[in-house]
Amino acid sequence: MNNSVRMGRVLGVPLRIHWTVPLLVVLFGYSLGSQTLPAMIPDQSNATYTIAGLAGALLLLVSLLAHEAAHAITARKKGIPVQSITLWALGGMTQMGRPRTAGSTFWIAVSGPLTSLLAGALALGAGIGLDTLSGTAVPAAVLLWLGWVNLVLAVFNLLPAAPLDGGRVVQALTWWRTGDQDRAERAAARAGQVLGVVLIGLGWIVVLRGALSGLWLTVIGFFVVIVAGAEHQRARLAPALRGIRAADAMTSPVETCQDWLTVQRCIDDVAARTRHSALALTDFEGRPSGLVHLPRLARIPAAQRETLRVRDVATPWARCTTCAPDDLLQDVLEKLSPGRALPILVTEGQKLAGIITADDISRIVRRQALRGTESR
């Protein structure tokens, strides 16, 4: 979700739009306007079909937003912080903190599909009523299509596999039955990996039979496999990171570079000897001012390295991931938002106390595994 743009707020929650959303609108609008509506209500003008198709696609986008907003509202009622809502081509994602109880997990999970079911029922009712009372066939057909799509989305989301809402329900029930949150998350994630493989297989079968719509099913399957795999890894890491402070995981002292140096001087004097793939930058007063990734420096043409300042190609401090030494590492990782990722800069006041990279986290996990604290 890093390639998304913030587009205001919904109920106080930052809303982000992925670059694939226009693709979603075009694909659904084209499908509705060129195939579905002509089959339902023939003999209309092309302009009518086009406008109605785009209107239906935008209404679908609104219903997806309502689905994610339901997750966010329920999470906040349960005292769980919500970082953002992101809409993209395969639906939406609500980034939030980790639920503390099985009950919270359950209600957050079911709130989205219940909202889609309600939206589907309302759209179907409105479409039937509009067609019966006024005979306006085109708007009625759009509403009927919207209703059925929402019902299908609700049912699909209830499949018992993470990251779908049904997987969260399975996770909540397993957690409630066993009392082990990490085990419940691993079980739901494994189910998600299996479901993703099944969807990929079904998609290819559909494609081989001559229907290109199977590609959409395959893409969804790949997404489910990837996210479920990431969630399984997170569930395995959680026990090892539990109770670990940022100060326990960070590398200190931090290798830094003055942000006013040219790129060439930074490479020659600092980057060539650093152990990390990123360098923290400091300003004239020694305060941290940003972060530069070494692969980014390597891509700068040689002709520009003598004149370009390193701060001009760095991530500004306001966009860096930061925390305090006493912050719990697991909490910091859960709060990572789109556009903010590793490494994490640990600050104490206006001083840079340390840096946490993926290697530092792997070291912590290996150390905890030797002590027998990692769950498998």
# chains A, B, ... in the order shown; residues from 1 in each chain; ligands from 1
>>> residues_around(residues="Arg296 in chain A", least_positions_apart="2", cutoff="12 Å", atoms="only C-alpha atoms", output="PyMOL selection string")
chain A and resi 263+267+271+277-279+291-294+298-301+305+310-315
>>> write_last_selection(atoms="all heavy atoms", output="compact mmCIF listing (two decimals), in the first residue's frame")
# COMPACT_ATOMS: atom_id res chain seq x y z
N VAL A 263 26.66 14.27 -2.44
CA VAL A 263 26.45 12.83 -2.53
C VAL A 263 27.79 12.10 -2.65
O VAL A 263 28.00 11.06 -2.01
CB VAL A 263 25.54 12.49 -3.73
CG1 VAL A 263 25.52 10.99 -4.01
CG2 VAL A 263 24.14 13.02 -3.49
N ILE A 267 29.32 9.31 -0.06
CA ILE A 267 29.70 7.95 -0.47
C ILE A 267 31.14 7.65 -0.06
O ILE A 267 31.44 6.59 0.50
CB ILE A 267 29.52 7.78 -1.99
CG1 ILE A 267 28.03 7.84 -2.36
CG2 ILE A 267 30.13 6.46 -2.47
CD1 ILE A 267 27.76 7.84 -3.85
N ALA A 271 29.35 6.42 3.57
CA ALA A 271 28.57 5.27 3.09
C ALA A 271 29.43 4.04 2.83
O ALA A 271 28.98 2.91 3.05
CB ALA A 271 27.81 5.66 1.83
N SER A 277 22.22 -0.41 5.41
CA SER A 277 21.84 -0.01 4.06
C SER A 277 21.20 1.37 4.03
O SER A 277 20.72 1.81 2.99
CB SER A 277 20.87 -1.03 3.46
OG SER A 277 19.69 -1.09 4.23
N ALA A 278 21.18 2.04 5.18
CA ALA A 278 20.63 3.40 5.26
C ALA A 278 21.46 4.21 6.24
O ALA A 278 22.04 3.66 7.18
CB ALA A 278 19.17 3.37 5.70
N LEU A 279 21.51 5.50 6.00
CA LEU A 279 22.29 6.41 6.84
C LEU A 279 21.39 7.47 7.43
O LEU A 279 20.58 8.08 6.73
CB LEU A 279 23.38 7.10 6.01
CG LEU A 279 24.74 6.44 5.89
CD1 LEU A 279 25.60 7.24 4.92
CD2 LEU A 279 25.43 6.35 7.25
N LEU A 291 16.86 10.54 6.55
CA LEU A 291 17.42 9.20 6.35
C LEU A 291 17.64 9.01 4.85
O LEU A 291 16.76 9.31 4.04
CB LEU A 291 16.45 8.15 6.88
CG LEU A 291 16.94 6.70 6.89
CD1 LEU A 291 17.91 6.48 8.05
CD2 LEU A 291 15.74 5.75 7.06
N VAL A 292 18.80 8.51 4.48
CA VAL A 292 19.09 8.25 3.07
C VAL A 292 19.42 6.77 2.91
O VAL A 292 20.20 6.20 3.67
CB VAL A 292 20.25 9.13 2.55
CG1 VAL A 292 21.55 8.83 3.27
CG2 VAL A 292 20.40 8.97 1.05
N HIS A 293 18.80 6.15 1.91
CA HIS A 293 19.05 4.74 1.62
C HIS A 293 20.19 4.64 0.61
O HIS A 293 20.19 5.33 -0.42
CB HIS A 293 17.78 4.08 1.09
CG HIS A 293 16.68 4.01 2.11
ND1 HIS A 293 16.51 2.92 2.93
CD2 HIS A 293 15.72 4.90 2.46
CE1 HIS A 293 15.48 3.14 3.74
NE2 HIS A 293 14.98 4.33 3.47
N LEU A 294 21.16 3.77 0.89
CA LEU A 294 22.34 3.66 0.04
C LEU A 294 22.00 3.25 -1.39
O LEU A 294 22.64 3.75 -2.34
CB LEU A 294 23.34 2.68 0.65
CG LEU A 294 23.84 3.04 2.06
CD1 LEU A 294 25.06 2.20 2.41
CD2 LEU A 294 24.18 4.52 2.18
N ALA A 298 23.31 5.03 -4.90
CA ALA A 298 23.97 4.32 -5.99
C ALA A 298 23.33 4.60 -7.35
O ALA A 298 23.99 4.50 -8.38
CB ALA A 298 23.97 2.82 -5.71
N ARG A 299 22.04 4.95 -7.35
CA ARG A 299 21.35 5.20 -8.61
C ARG A 299 21.56 6.61 -9.16
O ARG A 299 21.15 6.92 -10.28
CB ARG A 299 19.85 4.95 -8.44
CG ARG A 299 19.49 3.49 -8.24
CD ARG A 299 18.00 3.27 -8.42
NE ARG A 299 17.20 4.00 -7.44
CZ ARG A 299 16.82 3.50 -6.26
NH1 ARG A 299 17.18 2.27 -5.92
NH2 ARG A 299 16.09 4.22 -5.44
N ILE A 300 22.19 7.48 -8.39
CA ILE A 300 22.41 8.85 -8.83
C ILE A 300 23.54 8.88 -9.85
O ILE A 300 24.62 8.34 -9.60
CB ILE A 300 22.74 9.76 -7.63
CG1 ILE A 300 21.55 9.80 -6.67
CG2 ILE A 300 23.10 11.17 -8.10
CD1 ILE A 300 21.84 10.56 -5.40
N PRO A 301 23.33 9.48 -11.01
CA PRO A 301 24.38 9.54 -12.04
C PRO A 301 25.65 10.20 -11.51
O PRO A 301 25.59 11.15 -10.71
CB PRO A 301 23.75 10.37 -13.16
CG PRO A 301 22.26 10.21 -12.95
CD PRO A 301 22.07 10.10 -11.47
N ARG A 305 26.72 13.75 -8.74
CA ARG A 305 27.13 13.48 -7.36
C ARG A 305 27.97 14.58 -6.73
O ARG A 305 28.00 14.72 -5.51
CB ARG A 305 27.89 12.15 -7.30
CG ARG A 305 27.03 10.95 -7.67
CD ARG A 305 27.80 9.65 -7.55
NE ARG A 305 26.95 8.52 -7.90
CZ ARG A 305 27.33 7.24 -7.84
NH1 ARG A 305 28.57 6.97 -7.43
NH2 ARG A 305 26.51 6.29 -8.17
N VAL A 310 23.24 15.55 -0.21
CA VAL A 310 22.66 14.29 0.20
C VAL A 310 21.25 14.48 0.78
O VAL A 310 20.39 13.61 0.65
CB VAL A 310 23.59 13.56 1.20
CG1 VAL A 310 23.65 14.30 2.53
CG2 VAL A 310 23.14 12.12 1.42
N ARG A 311 20.99 15.65 1.39
CA ARG A 311 19.66 15.89 1.94
C ARG A 311 18.59 16.01 0.85
O ARG A 311 17.41 15.81 1.11
CB ARG A 311 19.67 17.16 2.80
CG ARG A 311 20.02 18.42 2.05
CD ARG A 311 19.98 19.65 2.95
NE ARG A 311 20.56 20.82 2.30
CZ ARG A 311 21.52 21.57 2.84
NH1 ARG A 311 22.01 21.29 4.02
NH2 ARG A 311 21.98 22.62 2.19
N ASP A 312 19.05 16.32 -0.39
CA ASP A 312 18.10 16.48 -1.49
C ASP A 312 17.56 15.14 -1.97
O ASP A 312 16.54 15.09 -2.68
CB ASP A 312 18.74 17.22 -2.66
CG ASP A 312 19.14 18.64 -2.29
OD1 ASP A 312 18.44 19.24 -1.45
OD2 ASP A 312 20.16 19.13 -2.82
N VAL A 313 18.22 14.04 -1.63
CA VAL A 313 17.77 12.72 -2.07
C VAL A 313 17.36 11.84 -0.88
O VAL A 313 17.15 10.64 -1.03
CB VAL A 313 18.87 12.00 -2.88
CG1 VAL A 313 19.18 12.77 -4.15
CG2 VAL A 313 20.14 11.83 -2.05
N ALA A 314 17.25 12.45 0.29
CA ALA A 314 16.95 11.70 1.51
C ALA A 314 15.45 11.76 1.85
O ALA A 314 14.71 12.59 1.34
CB ALA A 314 17.76 12.25 2.68
N THR A 315 15.03 10.86 2.70
CA THR A 315 13.68 10.90 3.26
C THR A 315 13.66 11.93 4.38
O THR A 315 14.45 11.83 5.32
CB THR A 315 13.28 9.53 3.84
OG1 THR A 315 13.36 8.55 2.80
CG2 THR A 315 11.88 9.57 4.41
>>> residues_around(residues="Val138 in chain A", least_positions_apart="3", cutoff="8 Å", atoms="only C-alpha atoms", output="VMD selection string")
chain A and resid 37 41 52 141 to 142
>>> residues_around(residues="range 160-172 of chain A", least_positions_apart="4", cutoff="8 Å", atoms="only C-alpha atoms", output="PyMOL selection string")
chain A and resi 102-103+105-106+109-110+112-113+176+181+184-185+187-193+195+224+227-228
>>> select_by_dssp(residues="range 217-347 of chain A", states="helix (DSSP H, G or I)", output="PyMOL selection string")
chain A and resi 217-241+246-249+263-269+271-273+294-298+302-304+310-313+317-319+329-334
>>> residues_around(residues="range 9-13 of chain A", least_positions_apart="3", cutoff="7 Å", atoms="only C-alpha atoms", output="PyMOL selection string")
chain A and resi 82-85
>>> closest_residue(among="A:Leu24, A:Arg275, A:Val365, A:Val155", to="Leu237 in chain A", atoms="only C-alpha atoms")
A:Val365
>>> residues_around(residues="Ser289 in chain A", least_positions_apart="6", cutoff="9 Å", atoms="only C-alpha atoms", output="list in words")
Asp259, Ala280, Leu281, Thr282, Asp283, Arg311, Thr315, Pro316, Trp317 and Ala318 of chain A
>>> write_last_selection(atoms="N, CA and C atoms", output="mmCIF file, in the first residue's frame")
data_model
loop_
_atom_site.group_PDB
_atom_site.id
_atom_site.type_symbol
_atom_site.label_atom_id
_atom_site.label_comp_id
_atom_site.auth_asym_id
_atom_site.auth_seq_id
_atom_site.Cartn_x
_atom_site.Cartn_y
_atom_site.Cartn_z
ATOM 1 N N ASP A 259 23.988 16.362 6.579
ATOM 2 C CA ASP A 259 23.079 16.451 5.431
ATOM 3 C C ASP A 259 23.496 17.478 4.388
ATOM 4 N N ALA A 280 21.527 7.702 8.733
ATOM 5 C CA ALA A 280 20.822 8.815 9.361
ATOM 6 C C ALA A 280 21.578 10.107 9.075
ATOM 7 N N LEU A 281 20.839 11.172 8.812
ATOM 8 C CA LEU A 281 21.441 12.468 8.517
ATOM 9 C C LEU A 281 21.264 13.422 9.687
ATOM 10 N N THR A 282 22.225 14.324 9.850
ATOM 11 C CA THR A 282 22.136 15.356 10.886
ATOM 12 C C THR A 282 22.345 16.721 10.259
ATOM 13 N N ASP A 283 21.755 17.763 10.900
ATOM 14 C CA ASP A 283 21.903 19.114 10.371
ATOM 15 C C ASP A 283 23.103 19.806 11.003
ATOM 16 N N ARG A 311 20.987 15.651 1.386
ATOM 17 C CA ARG A 311 19.661 15.892 1.941
ATOM 18 C C ARG A 311 18.591 16.007 0.848
ATOM 19 N N THR A 315 15.026 10.862 2.702
ATOM 20 C CA THR A 315 13.678 10.903 3.259
ATOM 21 C C THR A 315 13.658 11.934 4.383
ATOM 22 N N PRO A 316 12.814 12.970 4.307
ATOM 23 C CA PRO A 316 12.793 13.995 5.352
ATOM 24 C C PRO A 316 12.463 13.389 6.716
ATOM 25 N N TRP A 317 12.894 14.073 7.767
ATOM 26 C CA TRP A 317 12.689 13.575 9.126
ATOM 27 C C TRP A 317 11.208 13.360 9.430
ATOM 28 N N ALA A 318 10.348 14.214 8.915
ATOM 29 C CA ALA A 318 8.918 14.104 9.208
ATOM 30 C C ALA A 318 8.322 12.807 8.668
#
>>> residues_around(residues="Pro81 in chain A", least_positions_apart="6", cutoff="8 Å", atoms="only C-alpha atoms", output="ChimeraX atom specification")
/A:75,96-97
>>> closest_residue(among="A:Ala272, A:Lys351, A:Met250, A:Leu329", to="Arg287 in chain A", atoms="only C-alpha atoms")
A:Lys351
>>> atom_distance(atom1="CA of Gly56 in chain A", atom2="CA of Arg209 in chain A")
28.8 Å
>>> residues_around(residues="range 198-200 of chain A", least_positions_apart="4", cutoff="10 Å", atoms="only C-alpha atoms", output="PyMOL selection string")
chain A and resi 192-194+204-206+214-225
>>> write_last_selection(atoms="N, CA, C and O atoms", output="PDB file, in the first residue's frame")
ATOM      1  N   GLY A 192      -5.491 -19.042   4.932  1.00  0.00           N
ATOM      2  CA  GLY A 192      -5.411 -18.061   3.857  1.00  0.00           C
ATOM      3  C   GLY A 192      -4.462 -18.495   2.753  1.00  0.00           C
ATOM      4  O   GLY A 192      -4.747 -18.307   1.564  1.00  0.00           O
ATOM      5  N   GLN A 193      -3.325 -19.079   3.123  1.00  0.00           N
ATOM      6  CA  GLN A 193      -2.382 -19.556   2.115  1.00  0.00           C
ATOM      7  C   GLN A 193      -3.005 -20.661   1.255  1.00  0.00           C
ATOM      8  O   GLN A 193      -2.826 -20.689   0.041  1.00  0.00           O
ATOM      9  N   VAL A 194      -3.742 -21.558   1.909  1.00  0.00           N
ATOM     10  CA  VAL A 194      -4.409 -22.635   1.167  1.00  0.00           C
ATOM     11  C   VAL A 194      -5.467 -22.053   0.228  1.00  0.00           C
ATOM     12  O   VAL A 194      -5.558 -22.427  -0.948  1.00  0.00           O
ATOM     13  N   TRP A 204      -6.700 -20.105 -13.176  1.00  0.00           N
ATOM     14  CA  TRP A 204      -6.048 -20.624 -14.375  1.00  0.00           C
ATOM     15  C   TRP A 204      -6.952 -21.596 -15.128  1.00  0.00           C
ATOM     16  O   TRP A 204      -6.925 -21.652 -16.363  1.00  0.00           O
ATOM     17  N   ILE A 205      -7.737 -22.368 -14.391  1.00  0.00           N
ATOM     18  CA  ILE A 205      -8.680 -23.263 -15.066  1.00  0.00           C
ATOM     19  C   ILE A 205      -9.682 -22.467 -15.896  1.00  0.00           C
ATOM     20  O   ILE A 205      -9.988 -22.802 -17.047  1.00  0.00           O
ATOM     21  N   VAL A 206     -10.182 -21.372 -15.308  1.00  0.00           N
ATOM     22  CA  VAL A 206     -11.128 -20.514 -16.024  1.00  0.00           C
ATOM     23  C   VAL A 206     -10.473 -19.902 -17.257  1.00  0.00           C
ATOM     24  O   VAL A 206     -11.078 -19.833 -18.338  1.00  0.00           O
ATOM     25  N   GLY A 214     -10.867 -15.143 -15.441  1.00  0.00           N
ATOM     26  CA  GLY A 214     -10.109 -15.953 -14.499  1.00  0.00           C
ATOM     27  C   GLY A 214      -8.837 -15.283 -14.029  1.00  0.00           C
ATOM     28  O   GLY A 214      -8.322 -15.594 -12.951  1.00  0.00           O
ATOM     29  N   LEU A 215      -8.308 -14.333 -14.835  1.00  0.00           N
ATOM     30  CA  LEU A 215      -7.106 -13.595 -14.420  1.00  0.00           C
ATOM     31  C   LEU A 215      -7.367 -12.795 -13.151  1.00  0.00           C
ATOM     32  O   LEU A 215      -6.491 -12.674 -12.284  1.00  0.00           O
ATOM     33  N   TRP A 216      -8.580 -12.247 -13.031  1.00  0.00           N
ATOM     34  CA  TRP A 216      -8.935 -11.483 -11.831  1.00  0.00           C
ATOM     35  C   TRP A 216      -8.903 -12.389 -10.604  1.00  0.00           C
ATOM     36  O   TRP A 216      -8.389 -12.018  -9.549  1.00  0.00           O
ATOM     37  N   LEU A 217      -9.423 -13.606 -10.750  1.00  0.00           N
ATOM     38  CA  LEU A 217      -9.417 -14.574  -9.655  1.00  0.00           C
ATOM     39  C   LEU A 217      -7.986 -14.959  -9.289  1.00  0.00           C
ATOM     40  O   LEU A 217      -7.647 -15.117  -8.104  1.00  0.00           O
ATOM     41  N   THR A 218      -7.131 -15.085 -10.305  1.00  0.00           N
ATOM     42  CA  THR A 218      -5.732 -15.422 -10.057  1.00  0.00           C
ATOM     43  C   THR A 218      -5.017 -14.313  -9.306  1.00  0.00           C
ATOM     44  O   THR A 218      -4.242 -14.573  -8.373  1.00  0.00           O
ATOM     45  N   VAL A 219      -5.274 -13.066  -9.687  1.00  0.00           N
ATOM     46  CA  VAL A 219      -4.655 -11.927  -8.998  1.00  0.00           C
ATOM     47  C   VAL A 219      -5.088 -11.888  -7.534  1.00  0.00           C
ATOM     48  O   VAL A 219      -4.265 -11.680  -6.621  1.00  0.00           O
ATOM     49  N   ILE A 220      -6.366 -12.106  -7.283  1.00  0.00           N
ATOM     50  CA  ILE A 220      -6.857 -12.146  -5.908  1.00  0.00           C
ATOM     51  C   ILE A 220      -6.164 -13.261  -5.135  1.00  0.00           C
ATOM     52  O   ILE A 220      -5.769 -13.092  -3.974  1.00  0.00           O
ATOM     53  N   GLY A 221      -5.994 -14.424  -5.788  1.00  0.00           N
ATOM     54  CA  GLY A 221      -5.321 -15.545  -5.138  1.00  0.00           C
ATOM     55  C   GLY A 221      -3.894 -15.212  -4.755  1.00  0.00           C
ATOM     56  O   GLY A 221      -3.442 -15.535  -3.645  1.00  0.00           O
ATOM     57  N   PHE A 222      -3.161 -14.560  -5.671  1.00  0.00           N
ATOM     58  CA  PHE A 222      -1.787 -14.161  -5.362  1.00  0.00           C
ATOM     59  C   PHE A 222      -1.758 -13.197  -4.175  1.00  0.00           C
ATOM     60  O   PHE A 222      -0.908 -13.302  -3.280  1.00  0.00           O
ATOM     61  N   PHE A 223      -2.681 -12.240  -4.167  1.00  0.00           N
ATOM     62  CA  PHE A 223      -2.746 -11.286  -3.062  1.00  0.00           C
ATOM     63  C   PHE A 223      -2.989 -12.003  -1.736  1.00  0.00           C
ATOM     64  O   PHE A 223      -2.334 -11.733  -0.728  1.00  0.00           O
ATOM     65  N   VAL A 224      -3.938 -12.941  -1.728  1.00  0.00           N
ATOM     66  CA  VAL A 224      -4.261 -13.670  -0.503  1.00  0.00           C
ATOM     67  C   VAL A 224      -3.052 -14.482  -0.024  1.00  0.00           C
ATOM     68  O   VAL A 224      -2.729 -14.494   1.168  1.00  0.00           O
ATOM     69  N   VAL A 225      -2.350 -15.138  -0.953  1.00  0.00           N
ATOM     70  CA  VAL A 225      -1.170 -15.925  -0.581  1.00  0.00           C
ATOM     71  C   VAL A 225      -0.096 -15.041   0.051  1.00  0.00           C
ATOM     72  O   VAL A 225       0.481 -15.372   1.096  1.00  0.00           O
TER      73      VAL A 225
END
>>> closest_residue(among="A:Trp145, A:Thr86, A:Leu202, A:Gly33", to="Ala47 in chain A", atoms="only C-alpha atoms")
A:Gly33
>>> select_by_dssp(residues="range 173-318 of chain A", states="strand (DSSP E)", output="list in words")
Thr256, Cys257, Gln258, Ala278, Leu279, Ala280, Leu281, Thr282, Pro288, Ser289, Gly290, Leu291, Val292, His293, Thr315 and Pro316 of chain A
>>> decode(residues="range 31-41 of chain A", atoms="all heavy atoms", output="PDB file, in the first residue's frame")
ATOM      1  N   SER A  31     -17.246  -2.905 -17.744  1.00  0.00           N
ATOM      2  CA  SER A  31     -17.977  -4.178 -17.719  1.00  0.00           C
ATOM      3  C   SER A  31     -19.478  -3.955 -17.548  1.00  0.00           C
ATOM      4  O   SER A  31     -20.296  -4.570 -18.239  1.00  0.00           O
ATOM      5  CB  SER A  31     -17.439  -5.052 -16.588  1.00  0.00           C
ATOM      6  OG  SER A  31     -18.190  -6.236 -16.455  1.00  0.00           O
ATOM      7  N   LEU A  32     -19.828  -3.053 -16.626  1.00  0.00           N
ATOM      8  CA  LEU A  32     -21.249  -2.774 -16.388  1.00  0.00           C
ATOM      9  C   LEU A  32     -21.887  -2.109 -17.601  1.00  0.00           C
ATOM     10  O   LEU A  32     -23.003  -2.474 -18.018  1.00  0.00           O
ATOM     11  CB  LEU A  32     -21.393  -1.892 -15.144  1.00  0.00           C
ATOM     12  CG  LEU A  32     -22.806  -1.462 -14.747  1.00  0.00           C
ATOM     13  CD1 LEU A  32     -23.684  -2.678 -14.458  1.00  0.00           C
ATOM     14  CD2 LEU A  32     -22.753  -0.532 -13.530  1.00  0.00           C
ATOM     15  N   GLY A  33     -21.190  -1.103 -18.179  1.00  0.00           N
ATOM     16  CA  GLY A  33     -21.780  -0.343 -19.274  1.00  0.00           C
ATOM     17  C   GLY A  33     -21.789  -1.050 -20.603  1.00  0.00           C
ATOM     18  O   GLY A  33     -22.670  -0.792 -21.445  1.00  0.00           O
ATOM     19  N   SER A  34     -20.843  -1.959 -20.837  1.00  0.00           N
ATOM     20  CA  SER A  34     -20.745  -2.600 -22.152  1.00  0.00           C
ATOM     21  C   SER A  34     -21.343  -4.003 -22.192  1.00  0.00           C
ATOM     22  O   SER A  34     -21.645  -4.505 -23.280  1.00  0.00           O
ATOM     23  CB  SER A  34     -19.274  -2.666 -22.588  1.00  0.00           C
ATOM     24  OG  SER A  34     -18.535  -3.508 -21.729  1.00  0.00           O
ATOM     25  N   GLN A  35     -21.503  -4.648 -21.034  1.00  0.00           N
ATOM     26  CA  GLN A  35     -21.992  -6.021 -21.027  1.00  0.00           C
ATOM     27  C   GLN A  35     -23.243  -6.203 -20.173  1.00  0.00           C
ATOM     28  O   GLN A  35     -24.283  -6.658 -20.665  1.00  0.00           O
ATOM     29  CB  GLN A  35     -20.881  -6.954 -20.525  1.00  0.00           C
ATOM     30  CG  GLN A  35     -19.618  -6.924 -21.379  1.00  0.00           C
ATOM     31  CD  GLN A  35     -18.498  -7.761 -20.792  1.00  0.00           C
ATOM     32  OE1 GLN A  35     -18.730  -8.680 -20.024  1.00  0.00           O
ATOM     33  NE2 GLN A  35     -17.271  -7.433 -21.157  1.00  0.00           N
ATOM     34  N   THR A  36     -23.140  -5.860 -18.898  1.00  0.00           N
ATOM     35  CA  THR A  36     -24.234  -6.166 -17.966  1.00  0.00           C
ATOM     36  C   THR A  36     -25.502  -5.376 -18.290  1.00  0.00           C
ATOM     37  O   THR A  36     -26.588  -5.956 -18.441  1.00  0.00           O
ATOM     38  CB  THR A  36     -23.800  -5.878 -16.515  1.00  0.00           C
ATOM     39  OG1 THR A  36     -22.577  -6.575 -16.249  1.00  0.00           O
ATOM     40  CG2 THR A  36     -24.872  -6.334 -15.536  1.00  0.00           C
ATOM     41  N   LEU A  37     -25.394  -4.050 -18.392  1.00  0.00           N
ATOM     42  CA  LEU A  37     -26.588  -3.238 -18.636  1.00  0.00           C
ATOM     43  C   LEU A  37     -27.219  -3.499 -20.004  1.00  0.00           C
ATOM     44  O   LEU A  37     -28.454  -3.594 -20.092  1.00  0.00           O
ATOM     45  CB  LEU A  37     -26.237  -1.749 -18.483  1.00  0.00           C
ATOM     46  CG  LEU A  37     -25.938  -1.288 -17.050  1.00  0.00           C
ATOM     47  CD1 LEU A  37     -25.570   0.187 -17.031  1.00  0.00           C
ATOM     48  CD2 LEU A  37     -27.119  -1.554 -16.133  1.00  0.00           C
ATOM     49  N   PRO A  38     -26.443  -3.621 -21.085  1.00  0.00           N
ATOM     50  CA  PRO A  38     -27.088  -3.949 -22.371  1.00  0.00           C
ATOM     51  C   PRO A  38     -27.853  -5.265 -22.329  1.00  0.00           C
ATOM     52  O   PRO A  38     -28.873  -5.407 -23.023  1.00  0.00           O
ATOM     53  CB  PRO A  38     -25.901  -4.021 -23.337  1.00  0.00           C
ATOM     54  CG  PRO A  38     -24.887  -3.122 -22.744  1.00  0.00           C
ATOM     55  CD  PRO A  38     -25.011  -3.304 -21.265  1.00  0.00           C
ATOM     56  N   ALA A  39     -27.365  -6.235 -21.527  1.00  0.00           N
ATOM     57  CA  ALA A  39     -28.078  -7.504 -21.419  1.00  0.00           C
ATOM     58  C   ALA A  39     -29.357  -7.368 -20.602  1.00  0.00           C
ATOM     59  O   ALA A  39     -30.367  -8.032 -20.873  1.00  0.00           O
ATOM     60  CB  ALA A  39     -27.175  -8.558 -20.799  1.00  0.00           C
ATOM     61  N   MET A  40     -29.328  -6.476 -19.594  1.00  0.00           N
ATOM     62  CA  MET A  40     -30.496  -6.305 -18.725  1.00  0.00           C
ATOM     63  C   MET A  40     -31.550  -5.396 -19.360  1.00  0.00           C
ATOM     64  O   MET A  40     -32.749  -5.671 -19.280  1.00  0.00           O
ATOM     65  CB  MET A  40     -30.056  -5.726 -17.371  1.00  0.00           C
ATOM     66  CG  MET A  40     -29.156  -6.639 -16.541  1.00  0.00           C
ATOM     67  SD  MET A  40     -28.540  -5.832 -15.033  1.00  0.00           S
ATOM     68  CE  MET A  40     -30.062  -5.602 -14.111  1.00  0.00           C
ATOM     69  N   ILE A  41     -31.077  -4.306 -19.964  1.00  0.00           N
ATOM     70  CA  ILE A  41     -32.004  -3.322 -20.557  1.00  0.00           C
ATOM     71  C   ILE A  41     -31.491  -2.927 -21.946  1.00  0.00           C
ATOM     72  O   ILE A  41     -30.749  -1.945 -22.071  1.00  0.00           O
ATOM     73  CB  ILE A  41     -32.153  -2.089 -19.649  1.00  0.00           C
ATOM     74  CG1 ILE A  41     -30.785  -1.645 -19.090  1.00  0.00           C
ATOM     75  CG2 ILE A  41     -33.136  -2.324 -18.526  1.00  0.00           C
ATOM     76  CD1 ILE A  41     -30.810  -0.331 -18.374  1.00  0.00           C
TER      77      ILE A  41
END
